[in-house]
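Engineer: Sharing my_file-v3.pdb, PDB, C-alpha atoms:
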```pdb
ATOM      1  CA  MET A   1       5.849 128.869 263.202  1.00  0.00           C
ATOM      2  CA  MET A   2       4.120 125.594 264.052  1.00  0.00           C
ATOM      3  CA  ALA A   3       1.200 127.387 265.768  1.00  0.00           C
ATOM      4  CA  ARG A   4      -0.165 128.889 262.538  1.00  0.00           C
ATOM      5  CA  PRO A   5      -0.780 125.523 260.757  1.00  0.00           C
ATOM      6  CA  VAL A   6      -2.332 124.105 263.933  1.00  0.00           C
ATOM      7  CA  ALA A   7      -4.604 127.136 264.315  1.00  0.00           C
ATOM      8  CA  LEU A   8      -5.532 126.955 260.629  1.00  0.00           C
ATOM      9  CA  GLY A   9      -6.255 123.240 260.983  1.00  0.00           C
ATOM     10  CA  LEU A  10      -8.491 123.859 263.988  1.00  0.00           C
ATOM     11  CA  ALA A  11     -10.319 126.632 262.166  1.00  0.00           C
ATOM     12  CA  VAL A  12     -10.918 124.398 259.125  1.00  0.00           C
ATOM     13  CA  ALA A  13     -12.086 121.544 261.384  1.00  0.00           C
ATOM     14  CA  LEU A  14     -14.457 123.859 263.250  1.00  0.00           C
ATOM     15  CA  PHE A  15     -15.847 125.205 259.972  1.00  0.00           C
ATOM     16  CA  ALA A  16     -16.379 121.668 258.650  1.00  0.00           C
ATOM     17  CA  VAL A  17     -18.168 120.626 261.835  1.00  0.00           C
ATOM     18  CA  MET A  18     -20.400 123.681 261.751  1.00  0.00           C
ATOM     19  CA  GLN A  19     -21.313 122.997 258.124  1.00  0.00           C
ATOM     20  CA  CYS A  20     -22.551 119.498 258.928  1.00  0.00           C
ATOM     21  CA  ASP A  21     -23.694 119.613 262.479  1.00  0.00           C
ATOM     22  CA  ALA A  22     -25.425 121.945 264.891  1.00  0.00           C
ATOM     23  CA  GLN A  23     -24.640 125.538 264.178  1.00  0.00           C
ATOM     24  CA  VAL A  24     -24.391 127.456 267.451  1.00  0.00           C
ATOM     25  CA  PRO A  25     -20.972 126.981 269.107  1.00  0.00           C
ATOM     26  CA  PHE A  26     -20.672 127.062 272.916  1.00  0.00           C
ATOM     27  CA  LEU A  27     -17.722 126.783 275.279  1.00  0.00           C
ATOM     28  CA  GLY A  28     -18.098 123.641 277.336  1.00  0.00           C
ATOM     29  CA  THR A  29     -19.665 120.277 276.735  1.00  0.00           C
ATOM     30  CA  CYS A  30     -23.250 119.443 275.861  1.00  0.00           C
ATOM     31  CA  PRO A  31     -25.697 119.999 278.702  1.00  0.00           C
ATOM     32  CA  ASP A  32     -27.656 117.125 280.183  1.00  0.00           C
ATOM     33  CA  VAL A  33     -31.106 117.119 278.589  1.00  0.00           C
ATOM     34  CA  LYS A  34     -33.849 114.534 279.047  1.00  0.00           C
ATOM     35  CA  VAL A  35     -35.546 112.949 276.064  1.00  0.00           C
ATOM     36  CA  MET A  36     -39.145 111.870 276.330  1.00  0.00           C
ATOM     37  CA  PRO A  37     -39.840 108.372 277.634  1.00  0.00           C
ATOM     38  CA  SER A  38     -41.803 105.824 275.582  1.00  0.00           C
ATOM     39  CA  PHE A  39     -41.259 107.557 272.242  1.00  0.00           C
ATOM     40  CA  ASP A  40     -43.435 106.136 269.427  1.00  0.00           C
ATOM     41  CA  VAL A  41     -41.738 106.812 266.114  1.00  0.00           C
ATOM     42  CA  THR A  42     -44.797 105.740 264.103  1.00  0.00           C
ATOM     43  CA  LYS A  43     -46.890 108.494 265.739  1.00  0.00           C
ATOM     44  CA  TYR A  44     -44.100 110.964 264.932  1.00  0.00           C
ATOM     45  CA  LEU A  45     -44.275 110.242 261.184  1.00  0.00           C
ATOM     46  CA  GLY A  46     -45.876 112.732 258.821  1.00  0.00           C
ATOM     47  CA  LYS A  47     -45.447 116.418 258.106  1.00  0.00           C
ATOM     48  CA  TRP A  48     -44.026 118.906 260.588  1.00  0.00           C
ATOM     49  CA  PHE A  49     -43.729 122.664 260.084  1.00  0.00           C
ATOM     50  CA  GLU A  50     -40.732 124.445 261.546  1.00  0.00           C
ATOM     51  CA  ALA A  51     -42.023 127.109 263.947  1.00  0.00           C
ATOM     52  CA  GLU A  52     -38.687 128.195 265.455  1.00  0.00           C
ATOM     53  CA  ARG A  53     -35.041 127.157 265.231  1.00  0.00           C
ATOM     54  CA  TYR A  54     -31.511 127.935 266.278  1.00  0.00           C
ATOM     55  CA  PHE A  55     -29.414 129.435 263.479  1.00  0.00           C
ATOM     56  CA  ALA A  56     -28.162 126.817 261.033  1.00  0.00           C
ATOM     57  CA  ILE A  57     -26.104 127.624 257.948  1.00  0.00           C
ATOM     58  CA  PHE A  58     -27.979 125.024 255.905  1.00  0.00           C
ATOM     59  CA  GLU A  59     -31.218 126.906 256.597  1.00  0.00           C
ATOM     60  CA  PHE A  60     -29.818 130.401 255.984  1.00  0.00           C
ATOM     61  CA  ALA A  61     -32.649 132.685 254.778  1.00  0.00           C
ATOM     62  CA  GLY A  62     -34.963 129.664 254.638  1.00  0.00           C
ATOM     63  CA  LYS A  63     -38.699 130.117 254.982  1.00  0.00           C
ATOM     64  CA  CYS A  64     -41.646 127.742 254.648  1.00  0.00           C
ATOM     65  CA  VAL A  65     -39.499 124.993 256.172  1.00  0.00           C
ATOM     66  CA  THR A  66     -41.138 121.587 256.513  1.00  0.00           C
ATOM     67  CA  GLY A  67     -40.003 118.065 257.276  1.00  0.00           C
ATOM     68  CA  ASN A  68     -41.950 115.004 256.189  1.00  0.00           C
ATOM     69  CA  TYR A  69     -41.084 111.711 257.916  1.00  0.00           C
ATOM     70  CA  THR A  70     -42.056 108.431 256.239  1.00  0.00           C
ATOM     71  CA  VAL A  71     -41.248 104.721 256.488  1.00  0.00           C
ATOM     72  CA  ASP A  72     -39.869 103.025 253.366  1.00  0.00           C
ATOM     73  CA  ASN A  73     -40.916  99.524 252.248  1.00  0.00           C
ATOM     74  CA  ASP A  74     -37.842  98.057 253.954  1.00  0.00           C
ATOM     75  CA  GLY A  75     -38.682  99.736 257.290  1.00  0.00           C
ATOM     76  CA  ARG A  76     -36.177 102.616 257.042  1.00  0.00           C
ATOM     77  CA  ILE A  77     -37.310 106.034 258.214  1.00  0.00           C
ATOM     78  CA  SER A  78     -36.757 108.828 255.700  1.00  0.00           C
ATOM     79  CA  ILE A  79     -37.082 112.580 255.970  1.00  0.00           C
ATOM     80  CA  LEU A  80     -37.735 115.042 253.174  1.00  0.00           C
ATOM     81  CA  ASN A  81     -36.964 118.638 254.188  1.00  0.00           C
ATOM     82  CA  ARG A  82     -38.248 121.508 252.052  1.00  0.00           C
ATOM     83  CA  GLN A  83     -37.650 125.231 252.204  1.00  0.00           C
ATOM     84  CA  THR A  84     -37.849 128.362 250.089  1.00  0.00           C
ATOM     85  CA  SER A  85     -35.106 130.985 250.056  1.00  0.00           C
ATOM     86  CA  SER A  86     -36.498 134.302 251.257  1.00  0.00           C
ATOM     87  CA  LEU A  87     -33.721 135.998 249.235  1.00  0.00           C
ATOM     88  CA  THR A  88     -34.192 134.310 245.847  1.00  0.00           C
ATOM     89  CA  GLY A  89     -37.520 132.492 246.039  1.00  0.00           C
ATOM     90  CA  ILE A  90     -35.796 129.255 245.005  1.00  0.00           C
ATOM     91  CA  GLN A  91     -37.340 126.135 246.488  1.00  0.00           C
ATOM     92  CA  SER A  92     -35.036 123.364 247.661  1.00  0.00           C
ATOM     93  CA  THR A  93     -35.315 119.891 249.146  1.00  0.00           C
ATOM     94  CA  ILE A  94     -32.936 117.490 250.837  1.00  0.00           C
ATOM     95  CA  GLU A  95     -33.563 113.845 251.674  1.00  0.00           C
ATOM     96  CA  GLY A  96     -32.194 112.169 254.758  1.00  0.00           C
ATOM     97  CA  GLU A  97     -32.217 108.957 256.745  1.00  0.00           C
ATOM     98  CA  VAL A  98     -33.370 108.751 260.358  1.00  0.00           C
ATOM     99  CA  LYS A  99     -32.056 105.992 262.621  1.00  0.00           C
ATOM    100  CA  LEU A 100     -32.912 104.953 266.141  1.00  0.00           C
ATOM    101  CA  ILE A 101     -29.764 104.871 268.263  1.00  0.00           C
ATOM    102  CA  SER A 102     -30.853 102.013 270.490  1.00  0.00           C
ATOM    103  CA  ARG A 103     -34.236 100.768 271.718  1.00  0.00           C
ATOM    104  CA  SER A 104     -37.255 101.430 269.543  1.00  0.00           C
ATOM    105  CA  GLU A 105     -38.982 103.437 272.303  1.00  0.00           C
ATOM    106  CA  ASP A 106     -35.978 105.710 272.865  1.00  0.00           C
ATOM    107  CA  ALA A 107     -36.322 109.294 271.615  1.00  0.00           C
ATOM    108  CA  LYS A 108     -32.596 109.483 270.730  1.00  0.00           C
ATOM    109  CA  LEU A 109     -32.216 109.306 266.976  1.00  0.00           C
ATOM    110  CA  THR A 110     -29.652 110.335 264.379  1.00  0.00           C
ATOM    111  CA  VAL A 111     -30.155 111.966 260.993  1.00  0.00           C
ATOM    112  CA  ARG A 112     -27.886 111.588 257.974  1.00  0.00           C
ATOM    113  CA  PHE A 113     -28.111 113.459 254.668  1.00  0.00           C
ATOM    114  CA  PRO A 114     -26.252 111.298 252.095  1.00  0.00           C
ATOM    115  CA  SER A 115     -26.192 114.017 249.417  1.00  0.00           C
ATOM    116  CA  LEU A 116     -24.005 116.339 251.535  1.00  0.00           C
ATOM    117  CA  PRO A 117     -20.246 116.357 250.851  1.00  0.00           C
ATOM    118  CA  LEU A 118     -19.433 115.298 254.421  1.00  0.00           C
ATOM    119  CA  THR A 119     -21.941 112.721 255.647  1.00  0.00           C
ATOM    120  CA  LEU A 120     -22.261 112.355 259.410  1.00  0.00           C
ATOM    121  CA  ASP A 121     -24.856 110.875 261.735  1.00  0.00           C
ATOM    122  CA  VAL A 122     -26.077 113.972 263.559  1.00  0.00           C
ATOM    123  CA  PRO A 123     -27.902 113.682 266.917  1.00  0.00           C
ATOM    124  CA  TYR A 124     -31.655 114.230 266.672  1.00  0.00           C
ATOM    125  CA  TRP A 125     -33.177 113.928 270.135  1.00  0.00           C
ATOM    126  CA  VAL A 126     -36.884 114.447 270.681  1.00  0.00           C
ATOM    127  CA  LEU A 127     -37.146 116.167 274.060  1.00  0.00           C
ATOM    128  CA  ASP A 128     -40.923 115.943 273.977  1.00  0.00           C
ATOM    129  CA  THR A 129     -43.889 115.761 271.626  1.00  0.00           C
ATOM    130  CA  ASP A 130     -47.609 115.181 271.889  1.00  0.00           C
ATOM    131  CA  TYR A 131     -47.470 113.904 268.247  1.00  0.00           C
ATOM    132  CA  ASP A 132     -50.515 116.003 267.238  1.00  0.00           C
ATOM    133  CA  ASN A 133     -49.386 119.577 267.900  1.00  0.00           C
ATOM    134  CA  TYR A 134     -45.719 120.138 268.746  1.00  0.00           C
ATOM    135  CA  ALA A 135     -42.280 118.536 269.015  1.00  0.00           C
ATOM    136  CA  VAL A 136     -39.098 119.953 270.544  1.00  0.00           C
ATOM    137  CA  VAL A 137     -35.927 118.568 268.977  1.00  0.00           C
ATOM    138  CA  TRP A 138     -32.369 118.963 270.279  1.00  0.00           C
ATOM    139  CA  SER A 139     -28.973 118.294 268.727  1.00  0.00           C
ATOM    140  CA  CYS A 140     -25.591 118.697 270.382  1.00  0.00           C
ATOM    141  CA  SER A 141     -22.091 117.409 269.640  1.00  0.00           C
ATOM    142  CA  ASN A 142     -18.963 117.701 271.799  1.00  0.00           C
ATOM    143  CA  PHE A 143     -15.613 118.784 270.367  1.00  0.00           C
ATOM    144  CA  GLY A 144     -13.152 118.948 273.235  1.00  0.00           C
ATOM    145  CA  ILE A 145     -13.594 122.216 275.085  1.00  0.00           C
ATOM    146  CA  PHE A 146     -16.592 123.364 273.024  1.00  0.00           C
ATOM    147  CA  SER A 147     -19.851 121.987 271.707  1.00  0.00           C
ATOM    148  CA  THR A 148     -22.200 122.835 268.864  1.00  0.00           C
ATOM    149  CA  ARG A 149     -25.919 122.962 269.542  1.00  0.00           C
ATOM    150  CA  ASN A 150     -29.154 123.245 267.656  1.00  0.00           C
ATOM    151  CA  ALA A 151     -32.810 123.143 268.603  1.00  0.00           C
ATOM    152  CA  TRP A 152     -36.088 123.199 266.740  1.00  0.00           C
ATOM    153  CA  ILE A 153     -39.717 123.673 267.666  1.00  0.00           C
ATOM    154  CA  LEU A 154     -41.861 121.800 265.156  1.00  0.00           C
ATOM    155  CA  THR A 155     -45.633 121.981 264.865  1.00  0.00           C
ATOM    156  CA  ARG A 156     -48.296 120.136 262.908  1.00  0.00           C
ATOM    157  CA  GLN A 157     -49.959 123.424 261.885  1.00  0.00           C
ATOM    158  CA  ARG A 158     -48.212 125.993 259.705  1.00  0.00           C
ATOM    159  CA  GLU A 159     -49.241 128.739 262.143  1.00  0.00           C
ATOM    160  CA  PRO A 160     -49.556 127.186 265.597  1.00  0.00           C
ATOM    161  CA  SER A 161     -51.658 128.669 268.362  1.00  0.00           C
ATOM    162  CA  LEU A 162     -50.085 130.481 271.294  1.00  0.00           C
ATOM    163  CA  GLU A 163     -51.158 127.593 273.542  1.00  0.00           C
ATOM    164  CA  VAL A 164     -49.206 125.083 271.423  1.00  0.00           C
ATOM    165  CA  MET A 165     -46.114 127.286 271.461  1.00  0.00           C
ATOM    166  CA  GLU A 166     -46.370 127.755 275.234  1.00  0.00           C
ATOM    167  CA  ARG A 167     -46.410 123.968 275.685  1.00  0.00           C
ATOM    168  CA  ALA A 168     -43.270 123.709 273.541  1.00  0.00           C
ATOM    169  CA  TYR A 169     -41.571 126.512 275.518  1.00  0.00           C
ATOM    170  CA  MET A 170     -42.285 124.609 278.742  1.00  0.00           C
ATOM    171  CA  VAL A 171     -40.220 121.706 277.333  1.00  0.00           C
ATOM    172  CA  VAL A 172     -37.442 124.098 276.318  1.00  0.00           C
ATOM    173  CA  ASP A 173     -37.396 125.685 279.786  1.00  0.00           C
ATOM    174  CA  ARG A 174     -37.582 122.337 281.618  1.00  0.00           C
ATOM    175  CA  ASN A 175     -34.396 121.263 279.808  1.00  0.00           C
ATOM    176  CA  ALA A 176     -32.616 124.618 280.317  1.00  0.00           C
ATOM    177  CA  VAL A 177     -32.313 125.087 276.552  1.00  0.00           C
ATOM    178  CA  SER A 178     -31.723 128.790 275.939  1.00  0.00           C
ATOM    179  CA  ARG A 179     -34.595 130.561 274.215  1.00  0.00           C
ATOM    180  CA  ALA A 180     -32.218 133.402 273.290  1.00  0.00           C
ATOM    181  CA  TYR A 181     -31.004 131.585 270.161  1.00  0.00           C
ATOM    182  CA  PHE A 182     -34.417 130.741 268.720  1.00  0.00           C
ATOM    183  CA  THR A 183     -35.660 132.632 265.682  1.00  0.00           C
ATOM    184  CA  ARG A 184     -39.169 132.422 264.264  1.00  0.00           C
ATOM    185  CA  THR A 185     -39.413 130.649 260.896  1.00  0.00           C
ATOM    186  CA  ASP A 186     -41.413 132.591 258.291  1.00  0.00           C
ATOM    187  CA  GLN A 187     -44.348 130.388 257.249  1.00  0.00           C
ATOM    188  CA  LYS A 188     -46.264 133.023 255.246  1.00  0.00           C
ATOM    189  CA  ARG A 189     -47.000 132.905 251.498  1.00  0.00           C
ATOM    190  CA  CYS A 190     -45.675 129.359 251.174  1.00  0.00           C
ATOM    191  CA  PRO A 191     -46.085 127.012 248.197  1.00  0.00           C
ATOM    192  CA  ALA A 192     -49.179 124.791 248.458  1.00  0.00           C
ATOM    193  CA  THR A 193     -46.971 121.708 248.019  1.00  0.00           C
ATOM    194  CA  TYR A 194     -45.196 122.492 251.277  1.00  0.00           C
TER     195      TYR A 194
END
```
Starting from the file, give its structure as structure tokens.
Structural biologist:
Amino acid sequence: MMARPVALGLAVALFAVMQCDAQVPFLGTCPDVKVMPSFDVTKYLGKWFEAERYFAIFEFAGKCVTGNYTVDNDGRISILNRQTSSLTGIQSTIEGEVKLISRSEDAKLTVRFPSLPLTLDVPYWVLDTDYDNYAVVWSCSNFGIFSTRNAWILTRQREPSLEVMERAYMVVDRNAVSRAYFTRTDQKRCPATY
């Protein structure tokens, strides 16, 4: 009889983790990926359009997804994510805080969204970017015998060229990040404010 509460507890814990963290569960721990050297967060600031992503419950049916990174007066990095529901047409935003984990030139960051019910610092690792065209972002968290993973390809243009996407895919492939879980983000008929 003790197994049922334990199983229920694990299921609830897994659901809570998946609501706040990366969304694709995998057996095994996080793979070893390499972040870019000499990351310059000031060059990374500004608007990024989401070109492709792993499934994430918080982006379910989201289209026209953008992220705008800025520096506040006190030096904190903020992110404002926007999206439109392809089911209802409702536009939504969420504000977050970006923190460098260690050295300022390290591409390992965390993101926190204070308005969510369960606030966690979620890994946000920039695998590579040229700052002007594309960025490949990775997130992974270990939970014992499994891990949850997410990845994004961000671009500075709403509809990136094939050449830009191929450069991003080279980063994905170099880090053995599976392309099988990527889905294209709809960036058509988007609000002008996005």
Engineer: Expanded to explicit residues, what is the PyMOL selection byres ((chain A and resi 151-158) around 6) for this file, as a PyMOL selection string?
Structural biologist: chain A and resi 48-54+133-138+150+159-160
Engineer: Return as a PyMOL selection string the set of residues that the PyMOL selection byres ((chain A and resi 76-90) around 12) yields on the displayed structure.
Structural biologist: chain A and resi 41-42+44-50+58-75+91-100+109-114+185-194
Engineer: Kindly save the residues from that selection, with C-alpha atoms included, as a JSON list (two decimals), keeping the file's coordinate frame.
Structural biologist:
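Final output, again_26.json:
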```json
[["chain", "number", "residue", "atom", "x", "y", "z"],
["A", 41, "VAL", "CA", -41.74, 106.81, 266.11],
["A", 42, "THR", "CA", -44.80, 105.74, 264.10],
["A", 44, "TYR", "CA", -44.10, 110.96, 264.93],
["A", 45, "LEU", "CA", -44.28, 110.24, 261.18],
["A", 46, "GLY", "CA", -45.88, 112.73, 258.82],
["A", 47, "LYS", "CA", -45.45, 116.42, 258.11],
["A", 48, "TRP", "CA", -44.03, 118.91, 260.59],
["A", 49, "PHE", "CA", -43.73, 122.66, 260.08],
["A", 50, "GLU", "CA", -40.73, 124.44, 261.55],
["A", 58, "PHE", "CA", -27.98, 125.02, 255.90],
["A", 59, "GLU", "CA", -31.22, 126.91, 256.60],
["A", 60, "PHE", "CA", -29.82, 130.40, 255.98],
["A", 61, "ALA", "CA", -32.65, 132.68, 254.78],
["A", 62, "GLY", "CA", -34.96, 129.66, 254.64],
["A", 63, "LYS", "CA", -38.70, 130.12, 254.98],
["A", 64, "CYS", "CA", -41.65, 127.74, 254.65],
["A", 65, "VAL", "CA", -39.50, 124.99, 256.17],
["A", 66, "THR", "CA", -41.14, 121.59, 256.51],
["A", 67, "GLY", "CA", -40.00, 118.06, 257.28],
["A", 68, "ASN", "CA", -41.95, 115.00, 256.19],
["A", 69, "TYR", "CA", -41.08, 111.71, 257.92],
["A", 70, "THR", "CA", -42.06, 108.43, 256.24],
["A", 71, "VAL", "CA", -41.25, 104.72, 256.49],
["A", 72, "ASP", "CA", -39.87, 103.02, 253.37],
["A", 73, "ASN", "CA", -40.92, 99.52, 252.25],
["A", 74, "ASP", "CA", -37.84, 98.06, 253.95],
["A", 75, "GLY", "CA", -38.68, 99.74, 257.29],
["A", 91, "GLN", "CA", -37.34, 126.14, 246.49],
["A", 92, "SER", "CA", -35.04, 123.36, 247.66],
["A", 93, "THR", "CA", -35.32, 119.89, 249.15],
["A", 94, "ILE", "CA", -32.94, 117.49, 250.84],
["A", 95, "GLU", "CA", -33.56, 113.84, 251.67],
["A", 96, "GLY", "CA", -32.19, 112.17, 254.76],
["A", 97, "GLU", "CA", -32.22, 108.96, 256.74],
["A", 98, "VAL", "CA", -33.37, 108.75, 260.36],
["A", 99, "LYS", "CA", -32.06, 105.99, 262.62],
["A", 100, "LEU", "CA", -32.91, 104.95, 266.14],
["A", 109, "LEU", "CA", -32.22, 109.31, 266.98],
["A", 110, "THR", "CA", -29.65, 110.34, 264.38],
["A", 111, "VAL", "CA", -30.16, 111.97, 260.99],
["A", 112, "ARG", "CA", -27.89, 111.59, 257.97],
["A", 113, "PHE", "CA", -28.11, 113.46, 254.67],
["A", 114, "PRO", "CA", -26.25, 111.30, 252.10],
["A", 185, "THR", "CA", -39.41, 130.65, 260.90],
["A", 186, "ASP", "CA", -41.41, 132.59, 258.29],
["A", 187, "GLN", "CA", -44.35, 130.39, 257.25],
["A", 188, "LYS", "CA", -46.26, 133.02, 255.25],
["A", 189, "ARG", "CA", -47.00, 132.90, 251.50],
["A", 190, "CYS", "CA", -45.68, 129.36, 251.17],
["A", 191, "PRO", "CA", -46.08, 127.01, 248.20],
["A", 192, "ALA", "CA", -49.18, 124.79, 248.46],
["A", 193, "THR", "CA", -46.97, 121.71, 248.02],
["A", 194, "TYR", "CA", -45.20, 122.49, 251.28]]
```
Engineer: Go ahead and compute the interatomic distance for CA of Met36 in chain A and CA of Asp128 in chain A, in Å to one decimal.
Structural biologist: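 Those two atoms sit 5.0 Å apart.
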Engineer: Can you list what the PyMOL selection byres ((chain A and resi 27-30) around 8) grabs from this structure, as number ranges by chain?
Structural biologist: A: 25-26, 31-32, 140-149
Engineer: Please indicate the distance in Å from CA of Leu118 in chain A to CA of Val24 in chain A, rounded to one decimal place.
Structural biologist: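 According to the coordinates, CA of Leu118 in chain A and CA of Val24 in chain A are separated by 18.5 Å.
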Engineer: Take CA of Ser38 in chain A and CA of Glu163 in chain A and report the distance between them in Å, one decimal.
Structural biologist: 23.8 Å
Engineer: Using all atoms listed in the file, find all polymer residues with an atom at most 8 Å away from the point (-32.3, 115.8, 276.4); report them as a PyMOL selection string.
Structural biologist: chain A and resi 32-36+125-127+138+175
Engineer: With distances taken over only C-alpha atoms, which residue among A:Met165, A:Asp106, A:Arg179, A:Phe39 lies nearest Thr129 in chain A?
Structural biologist: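 The closest residue to Thr129 in chain A is A:Phe39.
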Engineer: Would you kindly place all heavy atoms on range 80-88 of chain A and return the model as a PDB file, in the coordinates of the input?
Structural biologist:
```
ATOM      1  N   LEU A  80     -37.852 114.136 254.312  1.00  0.00           N
ATOM      2  CA  LEU A  80     -37.735 115.042 253.174  1.00  0.00           C
ATOM      3  C   LEU A  80     -37.961 116.447 253.716  1.00  0.00           C
ATOM      4  O   LEU A  80     -39.066 116.793 254.145  1.00  0.00           O
ATOM      5  CB  LEU A  80     -38.770 114.720 252.094  1.00  0.00           C
ATOM      6  CG  LEU A  80     -38.771 115.671 250.891  1.00  0.00           C
ATOM      7  CD1 LEU A  80     -37.456 115.580 250.122  1.00  0.00           C
ATOM      8  CD2 LEU A  80     -39.950 115.371 249.985  1.00  0.00           C
ATOM      9  N   ASN A  81     -36.883 117.245 253.741  1.00  0.00           N
ATOM     10  CA  ASN A  81     -36.964 118.638 254.188  1.00  0.00           C
ATOM     11  C   ASN A  81     -37.138 119.541 252.981  1.00  0.00           C
ATOM     12  O   ASN A  81     -36.463 119.353 251.959  1.00  0.00           O
ATOM     13  CB  ASN A  81     -35.694 119.048 254.942  1.00  0.00           C
ATOM     14  CG  ASN A  81     -35.642 118.471 256.334  1.00  0.00           C
ATOM     15  OD1 ASN A  81     -36.631 118.045 256.894  1.00  0.00           O
ATOM     16  ND2 ASN A  81     -34.450 118.455 256.906  1.00  0.00           N
ATOM     17  N   ARG A  82     -38.014 120.521 253.111  1.00  0.00           N
ATOM     18  CA  ARG A  82     -38.248 121.508 252.052  1.00  0.00           C
ATOM     19  C   ARG A  82     -38.125 122.904 252.645  1.00  0.00           C
ATOM     20  O   ARG A  82     -38.469 123.123 253.801  1.00  0.00           O
ATOM     21  CB  ARG A  82     -39.651 121.370 251.472  1.00  0.00           C
ATOM     22  CG  ARG A  82     -39.939 120.076 250.804  1.00  0.00           C
ATOM     23  CD  ARG A  82     -41.402 120.074 250.322  1.00  0.00           C
ATOM     24  NE  ARG A  82     -41.764 118.821 249.736  1.00  0.00           N
ATOM     25  CZ  ARG A  82     -41.734 118.558 248.430  1.00  0.00           C
ATOM     26  NH1 ARG A  82     -41.369 119.489 247.591  1.00  0.00           N
ATOM     27  NH2 ARG A  82     -42.097 117.380 247.977  1.00  0.00           N
ATOM     28  N   GLN A  83     -37.657 123.826 251.814  1.00  0.00           N
ATOM     29  CA  GLN A  83     -37.650 125.231 252.204  1.00  0.00           C
ATOM     30  C   GLN A  83     -37.593 126.094 250.960  1.00  0.00           C
ATOM     31  O   GLN A  83     -37.247 125.630 249.874  1.00  0.00           O
ATOM     32  CB  GLN A  83     -36.484 125.554 253.134  1.00  0.00           C
ATOM     33  CG  GLN A  83     -35.130 125.609 252.491  1.00  0.00           C
ATOM     34  CD  GLN A  83     -34.046 126.060 253.472  1.00  0.00           C
ATOM     35  OE1 GLN A  83     -34.220 126.010 254.670  1.00  0.00           O
ATOM     36  NE2 GLN A  83     -32.933 126.503 252.949  1.00  0.00           N
ATOM     37  N   THR A  84     -37.932 127.360 251.142  1.00  0.00           N
ATOM     38  CA  THR A  84     -37.849 128.362 250.089  1.00  0.00           C
ATOM     39  C   THR A  84     -36.899 129.450 250.567  1.00  0.00           C
ATOM     40  O   THR A  84     -36.974 129.879 251.723  1.00  0.00           O
ATOM     41  CB  THR A  84     -39.240 128.973 249.809  1.00  0.00           C
ATOM     42  OG1 THR A  84     -40.126 127.935 249.391  1.00  0.00           O
ATOM     43  CG2 THR A  84     -39.174 130.047 248.733  1.00  0.00           C
ATOM     44  N   SER A  85     -36.010 129.900 249.703  1.00  0.00           N
ATOM     45  CA  SER A  85     -35.106 130.985 250.056  1.00  0.00           C
ATOM     46  C   SER A  85     -35.886 132.295 250.072  1.00  0.00           C
ATOM     47  O   SER A  85     -36.533 132.648 249.075  1.00  0.00           O
ATOM     48  CB  SER A  85     -33.942 131.086 249.066  1.00  0.00           C
ATOM     49  OG  SER A  85     -33.216 132.273 249.298  1.00  0.00           O
ATOM     50  N   SER A  86     -35.819 133.005 251.189  1.00  0.00           N
ATOM     51  CA  SER A  86     -36.498 134.302 251.257  1.00  0.00           C
ATOM     52  C   SER A  86     -35.751 135.353 250.446  1.00  0.00           C
ATOM     53  O   SER A  86     -36.291 136.415 250.161  1.00  0.00           O
ATOM     54  CB  SER A  86     -36.661 134.752 252.712  1.00  0.00           C
ATOM     55  OG  SER A  86     -35.402 134.879 253.327  1.00  0.00           O
ATOM     56  N   LEU A  87     -34.506 135.060 250.044  1.00  0.00           N
ATOM     57  CA  LEU A  87     -33.721 135.998 249.235  1.00  0.00           C
ATOM     58  C   LEU A  87     -33.979 135.836 247.746  1.00  0.00           C
ATOM     59  O   LEU A  87     -34.080 136.811 247.011  1.00  0.00           O
ATOM     60  CB  LEU A  87     -32.228 135.806 249.517  1.00  0.00           C
ATOM     61  CG  LEU A  87     -31.785 136.014 250.960  1.00  0.00           C
ATOM     62  CD1 LEU A  87     -30.306 135.674 251.117  1.00  0.00           C
ATOM     63  CD2 LEU A  87     -32.072 137.423 251.406  1.00  0.00           C
ATOM     64  N   THR A  88     -34.077 134.565 247.283  1.00  0.00           N
ATOM     65  CA  THR A  88     -34.192 134.310 245.847  1.00  0.00           C
ATOM     66  C   THR A  88     -35.526 133.713 245.423  1.00  0.00           C
ATOM     67  O   THR A  88     -35.843 133.700 244.246  1.00  0.00           O
ATOM     68  CB  THR A  88     -33.085 133.333 245.395  1.00  0.00           C
ATOM     69  OG1 THR A  88     -33.310 132.068 246.043  1.00  0.00           O
ATOM     70  CG2 THR A  88     -31.701 133.866 245.725  1.00  0.00           C
TER      71      THR A  88
END
```
